[in-house]
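Chemist: I'm passing along query23.tsv; it holds TSV, C-alpha atoms and all ligand atoms.
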```tsv
chain	number	residue	atom	x	y	z
G	1	MET	CA	123.79	85.91	94.69
G	2	ALA	CA	122.34	89.19	93.44
G	3	ASP	CA	123.20	90.71	96.75
G	4	SER	CA	126.48	92.22	95.84
G	5	GLU	CA	124.76	94.72	98.12
G	6	ILE	CA	126.47	92.83	100.86
G	7	LYS	CA	129.33	95.24	100.79
G	8	ARG	CA	127.96	95.40	104.26
G	9	HIS	CA	128.76	91.82	104.91
G	10	ILE	CA	130.67	91.58	108.11
G	11	ASN	CA	133.08	89.07	109.47
G	12	SER	CA	132.38	87.79	112.89
G	13	PRO	CA	135.23	87.45	115.33
G	14	ARG	CA	137.05	84.13	115.17
G	15	GLY	CA	135.37	81.34	117.00
G	16	ASP	CA	138.35	80.25	119.13
G	17	LEU	CA	136.61	80.51	122.44
G	18	ILE	CA	133.43	78.77	121.55
G	19	GLN	CA	132.55	75.93	123.83
G	20	HIS	CA	130.50	73.09	122.57
G	21	GLY	CA	126.99	73.20	123.90
G	22	GLY	CA	127.18	76.79	125.04
G	23	TYR	CA	128.26	80.35	124.52
G	24	SER	CA	130.84	81.22	127.18
G	25	PRO	CA	131.09	84.59	128.95
G	26	ALA	CA	134.56	85.01	127.39
G	27	LYS	CA	133.15	84.44	123.95
G	28	GLN	CA	130.37	86.91	124.69
G	29	GLU	CA	132.91	89.48	125.88
G	30	GLN	CA	134.78	89.10	122.60
G	31	TYR	CA	131.55	89.49	120.65
G	32	SER	CA	130.67	92.61	122.67
G	33	GLN	CA	133.94	94.19	121.55
G	34	TYR	CA	132.95	93.54	117.99
G	35	LEU	CA	129.49	95.07	118.58
G	36	LYS	CA	131.21	98.12	120.07
G	37	LYS	CA	132.99	98.59	116.78
G	38	LEU	CA	129.68	98.36	114.91
G	39	ARG	CA	128.26	100.92	117.31
G	40	GLN	CA	131.12	103.31	116.53
G	41	ASP	CA	130.33	102.97	112.83
G	42	PHE	CA	126.70	103.71	113.57
G	43	VAL	CA	127.53	106.81	115.62
G	44	GLU	CA	129.84	108.10	112.89
G	45	SER	CA	127.06	107.75	110.34
G	46	TRP	CA	124.71	109.56	112.72
G	47	ASP	CA	127.02	112.56	112.95
G	48	ASP	CA	127.52	112.61	109.21
G	49	LYS	CA	125.39	115.28	107.52
G	50	SER	CA	125.01	113.65	104.13
G	51	GLU	CA	122.85	115.00	101.32
G	52	SER	CA	120.18	113.09	99.42
G	53	ASN	CA	121.74	110.81	96.82
G	54	ALA	CA	119.06	110.15	94.18
G	55	LYS	CA	115.86	111.50	92.65
G	56	LEU	CA	112.51	110.06	91.67
G	57	ASN	CA	113.35	109.98	87.96
G	58	ASP	CA	116.19	107.56	88.65
G	59	PHE	CA	113.58	104.87	89.29
G	60	GLU	CA	110.83	103.12	87.39
G	61	ARG	CA	107.87	102.42	89.66
G	62	GLN	CA	106.44	98.93	89.47
G	63	LYS	CA	104.12	97.30	92.02
G	64	VAL	CA	102.91	98.15	95.51
G	65	LEU	CA	104.58	95.86	98.06
G	66	GLY	CA	102.87	97.17	101.15
G	67	THR	CA	100.94	100.05	102.65
G	68	GLY	CA	100.94	101.51	106.11
G	69	ALA	CA	99.62	104.42	108.12
G	70	PHE	CA	102.01	106.99	106.67
G	71	GLY	CA	103.15	105.63	103.39
G	72	ILE	CA	103.32	103.19	100.56
G	73	VAL	CA	106.15	100.82	99.66
G	74	PHE	CA	106.75	100.26	95.96
G	75	LEU	CA	108.94	97.85	94.09
G	76	VAL	CA	111.10	100.07	91.88
G	77	LYS	CA	113.79	99.47	89.31
G	78	HIS	CA	116.86	101.67	89.39
G	79	ILE	CA	117.10	102.62	85.74
G	80	VAL	CA	120.89	102.94	85.40
G	81	THR	CA	121.85	99.74	87.22
G	82	GLY	CA	118.69	97.71	86.52
G	83	LYS	CA	118.56	96.72	90.19
G	84	TYR	CA	115.35	96.35	92.14
G	85	TYR	CA	114.62	98.20	95.37
G	86	ALA	CA	111.78	98.72	97.82
G	87	MET	CA	110.91	102.42	97.89
G	88	LYS	CA	109.05	103.62	100.95
G	89	MET	CA	107.16	106.84	100.21
G	90	LEU	CA	106.08	108.78	103.25
G	91	GLU	CA	103.59	111.56	102.72
G	92	LYS	CA	104.71	114.70	104.55
G	93	GLU	CA	101.15	115.87	105.12
G	94	LYS	CA	100.23	112.61	106.89
G	95	ILE	CA	103.41	112.62	108.96
G	96	VAL	CA	102.59	116.11	110.21
G	97	ARG	CA	98.93	115.29	110.87
G	98	LEU	CA	99.84	112.15	112.84
G	99	LYS	CA	102.66	113.93	114.70
G	100	GLN	CA	105.33	111.58	113.38
G	101	ILE	CA	107.96	114.09	112.24
G	102	GLU	CA	110.46	112.98	114.83
G	103	HIS	CA	109.83	109.27	114.16
G	104	SER	CA	110.33	109.63	110.41
G	105	TYR	CA	113.48	111.65	110.99
G	106	TYR	CA	114.81	108.87	113.22
G	107	GLU	CA	113.79	106.28	110.65
G	108	LYS	CA	115.94	108.00	108.05
G	109	LYS	CA	118.95	108.57	110.29
G	110	ILE	CA	118.81	105.03	111.61
G	111	LEU	CA	118.32	103.33	108.24
G	112	CYS	CA	121.35	105.24	106.92
G	113	GLY	CA	123.59	103.92	109.68
G	114	LEU	CA	122.52	100.28	109.97
G	115	ASN	CA	125.01	97.58	109.09
G	116	PHE	CA	124.12	94.07	110.21
G	117	PRO	CA	123.24	90.89	108.30
G	118	PHE	CA	119.68	90.63	109.63
G	119	VAL	CA	118.46	94.18	109.22
G	120	VAL	CA	117.82	96.25	106.09
G	121	TYR	CA	119.65	99.48	105.36
G	122	MET	CA	119.16	102.57	103.23
G	123	LYS	CA	120.66	102.68	99.76
G	124	TYR	CA	119.17	106.00	98.52
G	125	TYR	CA	116.99	108.72	99.97
G	126	PHE	CA	115.52	111.99	98.75
G	127	LYS	CA	112.40	114.13	99.07
G	128	ASP	CA	110.13	116.16	96.80
G	129	ASN	CA	107.19	118.52	97.23
G	130	VAL	CA	104.90	115.89	98.72
G	131	TYR	CA	106.86	112.84	99.89
G	132	LEU	CA	109.99	111.56	101.59
G	133	TYR	CA	111.56	108.57	99.82
G	134	TYR	CA	113.52	105.83	101.57
G	135	VAL	CA	114.99	103.30	99.14
G	136	LEU	CA	116.05	99.91	100.54
G	137	PRO	CA	117.30	96.70	98.96
G	138	PHE	CA	114.30	94.68	97.78
G	139	ILE	CA	113.91	91.57	99.94
G	140	ALA	CA	112.08	89.29	97.55
G	141	GLY	CA	110.96	86.44	99.82
G	142	GLY	CA	108.13	88.43	101.36
G	143	GLU	CA	106.98	88.90	104.93
G	144	MET	CA	107.43	86.15	107.50
G	145	PHE	CA	103.78	86.93	108.24
G	146	SER	CA	102.58	85.55	104.88
G	147	HIS	CA	104.65	82.38	105.17
G	148	LEU	CA	103.49	81.84	108.74
G	149	ARG	CA	99.82	82.25	107.83
G	150	LYS	CA	100.24	79.98	104.81
G	151	MET	CA	101.94	77.25	106.83
G	152	GLY	CA	99.74	77.70	109.90
G	153	LYS	CA	102.69	77.50	112.25
G	154	PHE	CA	106.42	76.84	112.07
G	155	GLU	CA	108.21	73.76	113.33
G	156	GLU	CA	110.18	74.62	116.45
G	157	THR	CA	113.44	74.11	114.55
G	158	SER	CA	112.37	76.85	112.12
G	159	ALA	CA	111.19	79.16	114.91
G	160	LYS	CA	114.62	78.66	116.50
G	161	PHE	CA	116.42	79.47	113.28
G	162	TYR	CA	114.51	82.75	112.85
G	163	GLY	CA	114.42	83.51	116.58
G	164	ALA	CA	118.22	83.27	116.81
G	165	GLN	CA	118.60	85.84	114.03
G	166	VAL	CA	116.11	88.17	115.70
G	167	ILE	CA	118.04	87.90	118.97
G	168	LEU	CA	121.31	88.77	117.23
G	169	ALA	CA	119.60	91.69	115.46
G	170	LEU	CA	118.13	93.05	118.71
G	171	GLU	CA	121.48	92.62	120.43
G	172	TYR	CA	123.10	94.66	117.64
G	173	LEU	CA	120.41	97.38	117.74
G	174	HIS	CA	120.60	97.64	121.52
G	175	ALA	CA	124.39	97.87	121.33
G	176	CYS	CA	123.81	100.90	119.09
G	177	GLU	CA	121.46	102.25	121.80
G	178	LEU	CA	118.48	101.71	119.53
G	179	VAL	CA	115.15	100.42	120.79
G	180	TYR	CA	113.25	98.86	117.87
G	181	ARG	CA	109.66	98.82	119.19
G	182	ASP	CA	107.86	97.17	116.27
G	183	LEU	CA	108.90	93.55	116.18
G	184	LYS	CA	106.26	91.37	114.50
G	185	PRO	CA	106.12	88.93	111.56
G	186	GLU	CA	104.92	91.69	109.18
G	187	ASN	CA	108.22	93.53	109.64
G	188	ILE	CA	110.43	90.48	109.22
G	189	LEU	CA	111.25	89.72	105.60
G	190	ILE	CA	112.77	86.52	104.23
G	191	ASP	CA	115.53	87.03	101.72
G	192	ARG	CA	116.52	84.78	98.85
G	193	THR	CA	118.99	82.91	101.08
G	194	GLY	CA	116.17	81.96	103.48
G	195	TYR	CA	117.59	84.24	106.19
G	196	ILE	CA	115.70	87.21	107.64
G	197	LYS	CA	115.97	90.97	107.29
G	198	ILE	CA	114.11	93.16	109.75
G	199	THR	CA	112.56	96.17	108.04
G	200	ASP	CA	110.45	99.14	109.21
G	201	PHE	CA	112.43	101.41	111.49
G	202	GLY	CA	109.50	103.82	111.79
G	203	PHE	CA	109.31	103.43	115.58
G	204	CYS	CA	112.98	102.80	116.21
G	205	LYS	CA	114.66	105.36	118.44
G	206	LEU	CA	118.06	106.20	119.84
G	207	ILE	CA	117.68	106.21	123.60
G	208	ARG	CA	119.92	106.73	126.54
G	209	GLY	CA	117.92	105.74	129.58
G	210	ARG	CA	114.17	105.66	129.27
G	211	THR	CA	111.43	106.80	126.92
G	212	TRP	CA	107.67	107.07	127.25
G	213	THR	CA	105.99	107.12	123.84
G	214	LEU	CA	103.12	104.73	123.28
G	215	CYS	CA	103.80	103.04	119.96
G	216	GLY	CA	103.94	99.58	118.46
G	217	THR	CA	101.31	97.00	117.56
G	218	PRO	CA	98.68	95.93	120.16
G	219	GLU	CA	99.47	92.19	120.30
G	220	TYR	CA	103.20	92.91	120.65
G	221	LEU	CA	103.12	95.75	123.21
G	222	ALA	CA	104.99	95.18	126.45
G	223	PRO	CA	103.05	95.73	129.69
G	224	GLU	CA	105.28	98.65	130.71
G	225	ILE	CA	104.27	100.52	127.53
G	226	ILE	CA	100.57	99.91	128.15
G	227	LEU	CA	100.96	101.02	131.78
G	228	SER	CA	102.63	104.29	130.61
G	229	LYS	CA	105.78	103.58	132.56
G	230	GLY	CA	109.10	104.84	131.30
G	231	TYR	CA	110.71	101.98	129.44
G	232	GLY	CA	113.88	100.93	127.65
G	233	MET	CA	115.18	97.95	125.69
G	234	SER	CA	113.07	95.54	127.78
G	235	VAL	CA	110.11	96.13	125.43
G	236	ASP	CA	111.94	94.50	122.53
G	237	TRP	CA	112.65	91.38	124.58
G	238	TRP	CA	108.98	91.15	125.48
G	239	SER	CA	108.02	91.33	121.82
G	240	LEU	CA	110.60	88.62	121.08
G	241	GLY	CA	108.67	86.40	123.51
G	242	VAL	CA	105.44	87.19	121.65
G	243	LEU	CA	107.17	86.40	118.36
G	244	LEU	CA	108.58	83.05	119.54
G	245	PHE	CA	105.09	82.13	120.69
G	246	GLU	CA	103.38	83.27	117.48
G	247	MET	CA	105.86	81.52	115.20
G	248	SER	CA	105.39	78.22	117.01
G	249	ALA	CA	101.63	78.45	117.71
G	250	GLY	CA	100.43	80.28	114.60
G	251	HIS	CA	98.73	82.93	116.76
G	252	PRO	CA	99.98	85.41	119.35
G	253	PRO	CA	99.75	84.66	123.09
G	254	PHE	CA	97.49	87.61	123.91
G	255	PHE	CA	94.67	88.17	121.48
G	256	ALA	CA	91.11	89.45	121.34
G	257	SER	CA	89.08	91.42	118.81
G	258	ASP	CA	89.15	94.50	121.00
G	259	PRO	CA	92.57	96.08	121.72
G	260	MET	CA	91.48	96.96	125.28
G	261	ARG	CA	90.94	93.25	126.00
G	262	ILE	CA	94.37	92.49	124.53
G	263	TYR	CA	95.93	95.06	126.87
G	264	GLU	CA	94.16	93.59	129.90
G	265	LYS	CA	95.55	90.16	129.05
G	266	ILE	CA	99.05	91.54	128.50
G	267	VAL	CA	99.28	93.40	131.80
G	268	ALA	CA	97.92	90.33	133.57
G	269	GLY	CA	100.66	88.32	131.82
G	270	LYS	CA	98.38	85.29	131.47
G	271	TYR	CA	98.58	83.13	128.36
G	272	ARG	CA	98.32	79.45	127.48
G	273	CYS	CA	100.82	77.53	125.43
G	274	PRO	CA	99.50	74.93	122.96
G	275	SER	CA	100.13	71.38	124.16
G	276	HIS	CA	102.57	70.68	121.29
G	277	PHE	CA	105.09	73.25	122.64
G	278	SER	CA	108.22	71.54	123.93
G	279	VAL	CA	109.13	71.94	127.60
G	280	GLU	CA	112.16	74.04	126.57
G	281	LEU	CA	110.07	76.38	124.42
G	282	LYS	CA	107.56	76.91	127.22
G	283	ASP	CA	110.44	77.61	129.56
G	284	ILE	CA	112.13	80.21	127.40
G	285	ILE	CA	108.84	81.99	126.63
G	286	GLY	CA	108.06	81.96	130.35
G	287	HIS	CA	111.32	83.78	131.02
G	288	VAL	CA	110.59	86.43	128.39
G	289	LEU	CA	106.89	87.08	128.92
G	290	GLN	CA	107.58	88.33	132.44
G	291	VAL	CA	105.49	91.37	133.29
G	292	ASP	CA	108.12	92.30	135.86
G	293	THR	CA	110.99	93.70	133.75
G	294	THR	CA	113.52	92.94	136.47
G	295	ARG	CA	112.85	89.23	135.89
G	296	ARG	CA	112.69	89.27	132.10
G	297	TYR	CA	115.31	87.49	130.01
G	298	GLY	CA	117.41	89.96	128.05
G	299	THR	CA	117.39	92.48	130.91
G	300	LEU	CA	119.09	90.31	133.56
G	301	LYS	CA	122.76	90.51	134.51
G	302	ASP	CA	123.84	88.03	131.84
G	303	GLY	CA	121.89	89.87	129.15
G	304	VAL	CA	121.67	88.07	125.83
G	305	LEU	CA	123.70	85.13	127.17
G	306	ASP	CA	120.54	83.90	128.88
G	307	PHE	CA	119.13	83.25	125.41
G	308	LYS	CA	122.34	82.03	123.84
G	309	ASN	CA	122.75	79.42	126.57
G	310	HIS	CA	119.12	78.42	126.97
G	311	LYS	CA	118.26	74.76	126.42
G	312	TRP	CA	115.82	75.55	123.62
G	313	PHE	CA	118.71	76.99	121.59
G	314	ARG	CA	120.99	74.08	122.44
G	315	GLU	CA	121.67	73.07	118.85
G	316	ILE	CA	122.13	76.63	117.58
G	317	ASP	CA	125.69	77.58	116.68
G	318	TRP	CA	125.43	81.36	116.99
G	319	ASP	CA	128.52	82.10	114.89
G	320	SER	CA	127.25	79.94	112.07
G	321	ILE	CA	123.90	81.71	112.19
G	322	LEU	CA	125.64	85.09	112.07
G	323	ASN	CA	127.62	84.03	109.03
G	324	SER	CA	124.68	82.33	107.30
G	325	ARG	CA	126.31	78.93	107.37
G	326	ILE	CA	123.25	77.01	108.53
G	327	HIS	CA	120.90	75.54	105.95
G	328	PRO	CA	117.60	77.48	106.22
G	329	PRO	CA	114.24	75.72	106.79
G	330	PHE	CA	113.09	76.81	103.35
G	331	PHE	CA	114.06	78.98	100.39
G	332	PRO	CA	111.35	81.32	99.16
G	333	LYS	CA	110.40	80.79	95.51
G	334	ILE	CA	111.83	83.72	93.57
G	335	ARG	CA	111.47	83.42	89.81
G	336	SER	CA	113.24	86.63	88.78
G	337	PRO	CA	114.92	89.56	90.56
G	338	GLY	CA	111.77	91.72	90.45
G	339	ASP	CA	109.34	88.91	91.31
G	340	THR	CA	106.60	90.14	93.67
G	341	THR	CA	104.60	86.91	93.97
G	342	ASN	CA	105.69	86.52	97.60
G	343	PHE	CA	103.82	89.74	98.45
G	344	ASP	CA	100.11	90.43	98.72
G	345	VAL	CA	98.44	92.12	95.79
G	346	PHE	CA	97.45	95.74	96.39
G	347	ASP	CA	95.38	98.20	94.39
G	348	GLU	CA	97.30	100.80	92.48
G	349	GLU	CA	97.91	103.79	94.72
G	350	LYS	CA	97.31	107.35	93.61
G	351	ILE	CA	100.49	109.41	93.79
G	352	LYS	CA	99.94	112.99	94.85
G	353	ASP	CA	101.56	115.99	93.31
G	354	SER	CA	101.93	119.61	94.32
G	355	PRO	CA	103.26	122.69	92.52
G	356	VAL	CA	104.72	123.97	95.79
G	357	CYS	CA	106.93	122.29	98.34
G	358	LEU	CA	104.75	121.23	101.26
G	359	TYR	CA	106.07	121.48	104.82
G	360	GLU	CA	109.47	122.56	103.59
G	361	GLU	CA	110.55	123.90	106.98
G	362	GLU	CA	109.36	120.90	108.99
G	363	PHE	CA	111.42	118.57	106.83
G	364	ALA	CA	114.39	120.85	106.19
G	365	ASP	CA	116.80	118.45	107.95
G	366	PHE	CA	115.72	115.36	106.08
S	1	LIG	N1	113.12	96.21	101.81
S	1	LIG	C1	111.92	95.68	101.53
S	1	LIG	N2	111.79	94.70	100.61
S	1	LIG	C2	110.59	94.18	100.34
S	1	LIG	N3	109.44	94.56	100.91
S	1	LIG	C3	109.49	95.53	101.83
S	1	LIG	C4	110.72	96.14	102.19
S	1	LIG	N4	110.47	97.06	103.15
S	1	LIG	C5	109.14	97.02	103.36
S	1	LIG	N5	108.54	96.10	102.56
S	1	LIG	C6	107.10	95.77	102.51
S	1	LIG	O1	106.31	96.91	102.77
S	1	LIG	C7	105.57	96.72	103.98
S	1	LIG	C8	105.42	98.06	104.69
S	1	LIG	O2	106.71	98.59	104.97
S	1	LIG	P1	107.06	99.12	106.42
S	1	LIG	O3	108.40	99.71	106.40
S	1	LIG	O4	106.79	98.01	107.38
S	1	LIG	O5	105.97	100.27	106.56
S	1	LIG	P2	104.90	100.61	107.68
S	1	LIG	O6	105.62	101.53	108.60
S	1	LIG	O7	103.83	101.26	106.91
S	1	LIG	O8	104.48	99.33	108.33
S	1	LIG	C9	106.35	95.66	104.75
S	1	LIG	O9	105.57	95.01	105.70
S	1	LIG	C10	106.79	94.76	103.60
S	1	LIG	O10	105.74	93.94	103.17
S	2	MG	MG	105.62	97.77	109.08
```
Write the structure described by the file as structure tokens, please.
Modeler:
Amino acid sequence: MADSEIKRHINSPRGDLIQHGGYSPAKQEQYSQYLKKLRQDFVESWDDKSESNAKLNDFERQKVLGTGAFGIVFLVKHIVTGKYYAMKMLEKEKIVRLKQIEHSYYEKKILCGLNFPFVVYMKYYFKDNVYLYYVLPFIAGGEMFSHLRKMGKFEETSAKFYGAQVILALEYLHACELVYRDLKPENILIDRTGYIKITDFGFCKLIRGRTWTLCGTPEYLAPEIILSKGYGMSVDWWSLGVLLFEMSAGHPPFFASDPMRIYEKIVAGKYRCPSHFSVELKDIIGHVLQVDTTRRYGTLKDGVLDFKNHKWFREIDWDSILNSRIHPPFFPKIRSPGDTTNFDVFDEEKIKDSPVCLYEEEFADF
């Protein structure tokens, strides 16, 4: 596998305590210890004041992989090693105009410290007069979004396979005191092994206690965000519920052409499951799409165990998922290492230039 990048591959704790047909509290306690270690690594990276480790000329720019509000993501080839990466270019001027300086600073710090099988991480970063550059391993299978739209909907066994990885990823992020805040199929990439990598840490934030910022994507916003309440990790569990629904139905539970109508539906917490949903799927979604955060799965006293032991996940062996030992529902077609056919086609983007360094002070710490 081209991913010798998986220097970051981690070994899960030994599976001695696993009980068949469930994930015991003792096993969970052991896993929590392991997550604590990962959190320490994350905190160490956070405190580390490292300098940028590449420059634009080290890369050959190829195709546009995606565009967003603040930047463009390019497929690039690292000239010396010949390896392919996804380079996210964030335009400083736009970041300042849209008041996202803090978010893009967090994105950088967080990407640098991440180390988990189902999330991306930062390989190189640097800045120039106009842009910030975040260079990540290129995940060639494309967005879950494209595969989902192409297939219409996923079989429940596939939704379970991806959902389990998302749960482990959120559990890891929350253990690092990170709230992710932008879970949706567009930000979930499928790698060549058929497993997922969550990308886009543009709204991710280190929080102790609560935060108030309104951000995310309308269909995936939790009611407490819409209602301007202080919120915490509960918002990610809500969006997991939306994701489980969307993967299995082919459309999200709360939708309308007008975002205000979407918000009304979300805060009312009313949605209808398609008749093909299994009883277990309806049940687990019902426990997650709880407007009342004190009743929402993920935030209850047993935390993530409520998912790990839910009937819908009965056949999931969580350790095997973590170690990529389960056969995936499908392998994306990847013809060569720099193959972009799993991504949409975008127009060439104009790259800006400037003889002077723009917003030097604002981005001094980047
Ligand atoms: N590591 C990556 N490998 C391949 N494609 C990526 C990668 N990171 C991002 N992309 C593509 O670029 C798109 C935009 O990147 P993202 O970080 O989500 O930016 P935005 O904040 O603008 O949404 C993604 O939805 C995905 O299609
Ligand atoms: Mg995105």
Chemist: Quick one: which chain G residues come within 9 Å of ligand LIG 1 (chain S), and what is the nearest atom pair for each with the distance in Å to one decimal, counting only C-alpha atoms and all ligand atoms, rows ordered by chain and ascending number, as CSV?
Modeler:
```
residue,atom,partner,partner_atom,distance
G:Val64,CA,S:LIG1,O1,8.1
G:Leu65,CA,S:LIG1,C6,5.1
G:Gly66,CA,S:LIG1,O1,3.8
G:Thr67,CA,S:LIG1,O7,5.3
G:Gly68,CA,S:LIG1,O7,3.0
G:Ala69,CA,S:LIG1,O7,5.4
G:Phe70,CA,S:LIG1,O7,6.0
G:Gly71,CA,S:LIG1,O7,5.7
G:Ile72,CA,S:LIG1,O7,6.7
G:Val73,CA,S:LIG1,O1,5.0
G:Phe74,CA,S:LIG1,O1,7.6
G:Leu75,CA,S:LIG1,C2,7.4
G:Tyr85,CA,S:LIG1,N1,6.9
G:Ala86,CA,S:LIG1,C1,4.8
G:Met87,CA,S:LIG1,N4,7.5
G:Lys88,CA,S:LIG1,O3,6.7
G:Leu90,CA,S:LIG1,O7,8.7
G:Val120,CA,S:LIG1,N1,6.4
G:Tyr121,CA,S:LIG1,N1,8.1
G:Met122,CA,S:LIG1,N1,8.9
G:Val135,CA,S:LIG1,N1,7.8
G:Leu136,CA,S:LIG1,N1,4.9
G:Pro137,CA,S:LIG1,N1,5.1
G:Phe138,CA,S:LIG1,N2,3.8
G:Ile139,CA,S:LIG1,N2,3.8
G:Ala140,CA,S:LIG1,C2,5.8
G:Gly141,CA,S:LIG1,C2,7.8
G:Gly142,CA,S:LIG1,O10,6.3
G:Glu143,CA,S:LIG1,O10,5.5
G:Phe145,CA,S:LIG1,O9,8.7
G:Asp182,CA,S:LIG1,O8,8.9
G:Pro185,CA,S:LIG1,O9,8.5
G:Glu186,CA,S:LIG1,O9,4.9
G:Asn187,CA,S:LIG1,O9,5.0
G:Ile188,CA,S:LIG1,O9,7.5
G:Leu189,CA,S:LIG1,C2,6.9
G:Ile190,CA,S:LIG1,C2,8.9
G:Asp191,CA,S:LIG1,N2,8.6
G:Lys197,CA,S:LIG1,N1,8.1
G:Ile198,CA,S:LIG1,N4,8.5
G:Thr199,CA,S:LIG1,N4,5.4
G:Asp200,CA,S:LIG1,O3,3.5
G:Phe201,CA,S:LIG1,O3,6.7
G:Gly202,CA,S:LIG1,O6,5.5
G:Phe203,CA,S:LIG1,O6,8.1
G:Thr340,CA,S:LIG1,C2,8.8
G:Phe343,CA,S:LIG1,O10,6.6
G:Asp344,CA,S:LIG1,O10,8.0
```
Chemist: Output as JSON lines one row per residue of stretch 115-224 of chain G within 8 Å of stretch 258-267 of chain G: the closest atom pair and its distance in Å to one decimal place, counting only C-alpha atoms, sorted by chain and residue number ascending.
Modeler:
```
{"residue": "G:Pro218", "atom": "CA", "partner": "G:Pro259", "partner_atom": "CA", "distance": 6.3}
{"residue": "G:Glu219", "atom": "CA", "partner": "G:Ile262", "partner_atom": "CA", "distance": 6.6}
{"residue": "G:Leu221", "atom": "CA", "partner": "G:Ile266", "partner_atom": "CA", "distance": 7.9}
{"residue": "G:Ala222", "atom": "CA", "partner": "G:Ile266", "partner_atom": "CA", "distance": 7.3}
{"residue": "G:Pro223", "atom": "CA", "partner": "G:Val267", "partner_atom": "CA", "distance": 4.9}
```
Chemist: Would you write out those residues with C-alpha atoms, as a PDB file, in the coordinates of the input?
Modeler:
```
ATOM      1  CA  PRO G 218      98.680  95.930 120.160  1.00  0.00           C
ATOM      2  CA  GLU G 219      99.470  92.190 120.300  1.00  0.00           C
ATOM      3  CA  LEU G 221     103.120  95.750 123.210  1.00  0.00           C
ATOM      4  CA  ALA G 222     104.990  95.180 126.450  1.00  0.00           C
ATOM      5  CA  PRO G 223     103.050  95.730 129.690  1.00  0.00           C
TER       6      PRO G 223
END
```
Chemist: Return the single residue from G:Lys108, G:His78, G:Arg181, G:Lys153 that is closest to ligand MG 2 (chain S), with distances computed using all atoms listed in the file.
Modeler: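 Smallest distance to ligand MG 2 (chain S) is found for G:Arg181.
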Chemist: Using atom CA of G:Glu246 and atom CA of G:Lys184 as the two end points, give the distance in Å to one decimal.
Modeler: 9.1 Å
Chemist: Select, from G:Glu107, G:Val279, G:Ile284, G:Tyr125, the residue with the minimum atom-to-atom distance to ligand MG 2 (chain S), counting only C-alpha atoms and all ligand atoms.
Modeler: G:Glu107
Chemist: Can you work out which one of G:Thr213, G:Gln290, G:Ser146, G:Gln28 has the shortest atom-to-atom distance to G:Gly232, counting only C-alpha atoms?
Modeler: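 Result for the nearest residue to G:Gly232: G:Thr213.
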Chemist: Please determine, counting all atoms listed in the file, which residue among G:Lys77, G:Lys92, G:Lys308, G:Arg61 has the shortest atom-to-atom distance to G:Lys127.
Modeler: G:Lys92
Chemist: Counting all atoms listed in the file, which residue out of G:Leu56, G:Leu240, G:Leu183, G:Ile225 sits closest to ligand MG 2 (chain S)?
Modeler: G:Leu183
Chemist: Which is closest to ligand MG 2 (chain S) among G:Gly216, G:Ala268, G:Glu156, G:Gly250, if we use all atoms listed in the file?
Modeler: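 Under the stated criterion, the closest residue is G:Gly216.
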Chemist: With a distance cut-off of 8 Å and only C-alpha atoms, select the neighbouring residues of G:Ile334, excluding the residue or stretch itself and same-chain residues fewer than 2 positions from it, and output the selection as a PyMOL selection string.
Modeler: chain G and resi 140-141+192+332+336-337+339+341-342
Chemist: G:Glu361: which residues within 12 Å, counting all atoms listed in the file, same-chain residues fewer than 4 positions away excluded, as an MDAnalysis selection string?
Modeler: chainID G and resid 92 96 101 129 357 365:366
Chemist: Within 10 Å of G:Tyr271, counting only C-alpha atoms, which residues show up once you throw out same-chain ones fewer than 3 positions away? Write them as number ranges by chain, please.
Modeler: G: 252-255, 265-266, 268, 274, 286, 289
Chemist: Skipping near chain neighbours, those fewer than 2 positions away, what residues fall within 12 Å of G:Asp283 using all atoms listed in the file, listed as a PyMOL selection string?
Modeler: chain G and resi 241+244-245+273+277-281+285-290+297+306-307+310-313
Chemist: Have a look at atom CA of G:Ser104 and atom CA of G:Ala364 and let me know their distance in Å, one decimal.
Modeler: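 Rounded to one decimal, the two atoms are 12.7 Å apart.
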Chemist: In Å, with one decimal, what is the gap from atom CA of G:Phe59 to atom CA of G:Val80?
Modeler: 8.5 Å
Chemist: Please determine the residues with any atom at most 8 Å from (123.6, 101.6, 117.4) (coordinates as given in the file, with all atoms listed in the file counting) and report them as a list in words.
Modeler: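 The residues near that point, listed by chain and number, are Leu38, Arg39, Gln40, Phe42, Val43, Leu114, Tyr172, Leu173, His174, Ala175, Cys176, Glu177, Leu178 and Leu206 of chain G.
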Chemist: Write out as a PyMOL selection string which residues come within 12 Å of G:Pro328 when counting only C-alpha atoms, dropping same-chain ones fewer than 4 positions away.
Modeler: chain G and resi 157-162+165+190-196+320-321+324+332
Chemist: Taking the structure in the block just given, could you write stretch 304-308 of chain G with N, CA and C atoms, as a JSON list (two decimals), in the first residue's frame?
Modeler:
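out-v4.json was written with the following content:
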```json
[["chain", "number", "residue", "atom", "x", "y", "z"],
["G", 304, "VAL", "N", -19.90, 6.58, 24.77],
["G", 304, "VAL", "CA", -19.83, 5.89, 23.47],
["G", 304, "VAL", "C", -20.27, 4.43, 23.57],
["G", 305, "LEU", "N", -20.24, 3.88, 24.78],
["G", 305, "LEU", "CA", -20.67, 2.48, 24.95],
["G", 305, "LEU", "C", -22.11, 2.27, 24.49],
["G", 306, "ASP", "N", -22.93, 3.31, 24.60],
["G", 306, "ASP", "CA", -24.32, 3.17, 24.13],
["G", 306, "ASP", "C", -24.36, 2.83, 22.65],
["G", 307, "PHE", "N", -23.41, 3.36, 21.89],
["G", 307, "PHE", "CA", -23.34, 2.99, 20.47],
["G", 307, "PHE", "C", -22.71, 1.61, 20.31],
["G", 308, "LYS", "N", -21.59, 1.42, 21.00],
["G", 308, "LYS", "CA", -20.84, 0.18, 20.79],
["G", 308, "LYS", "C", -21.67, -1.05, 21.16]]
```
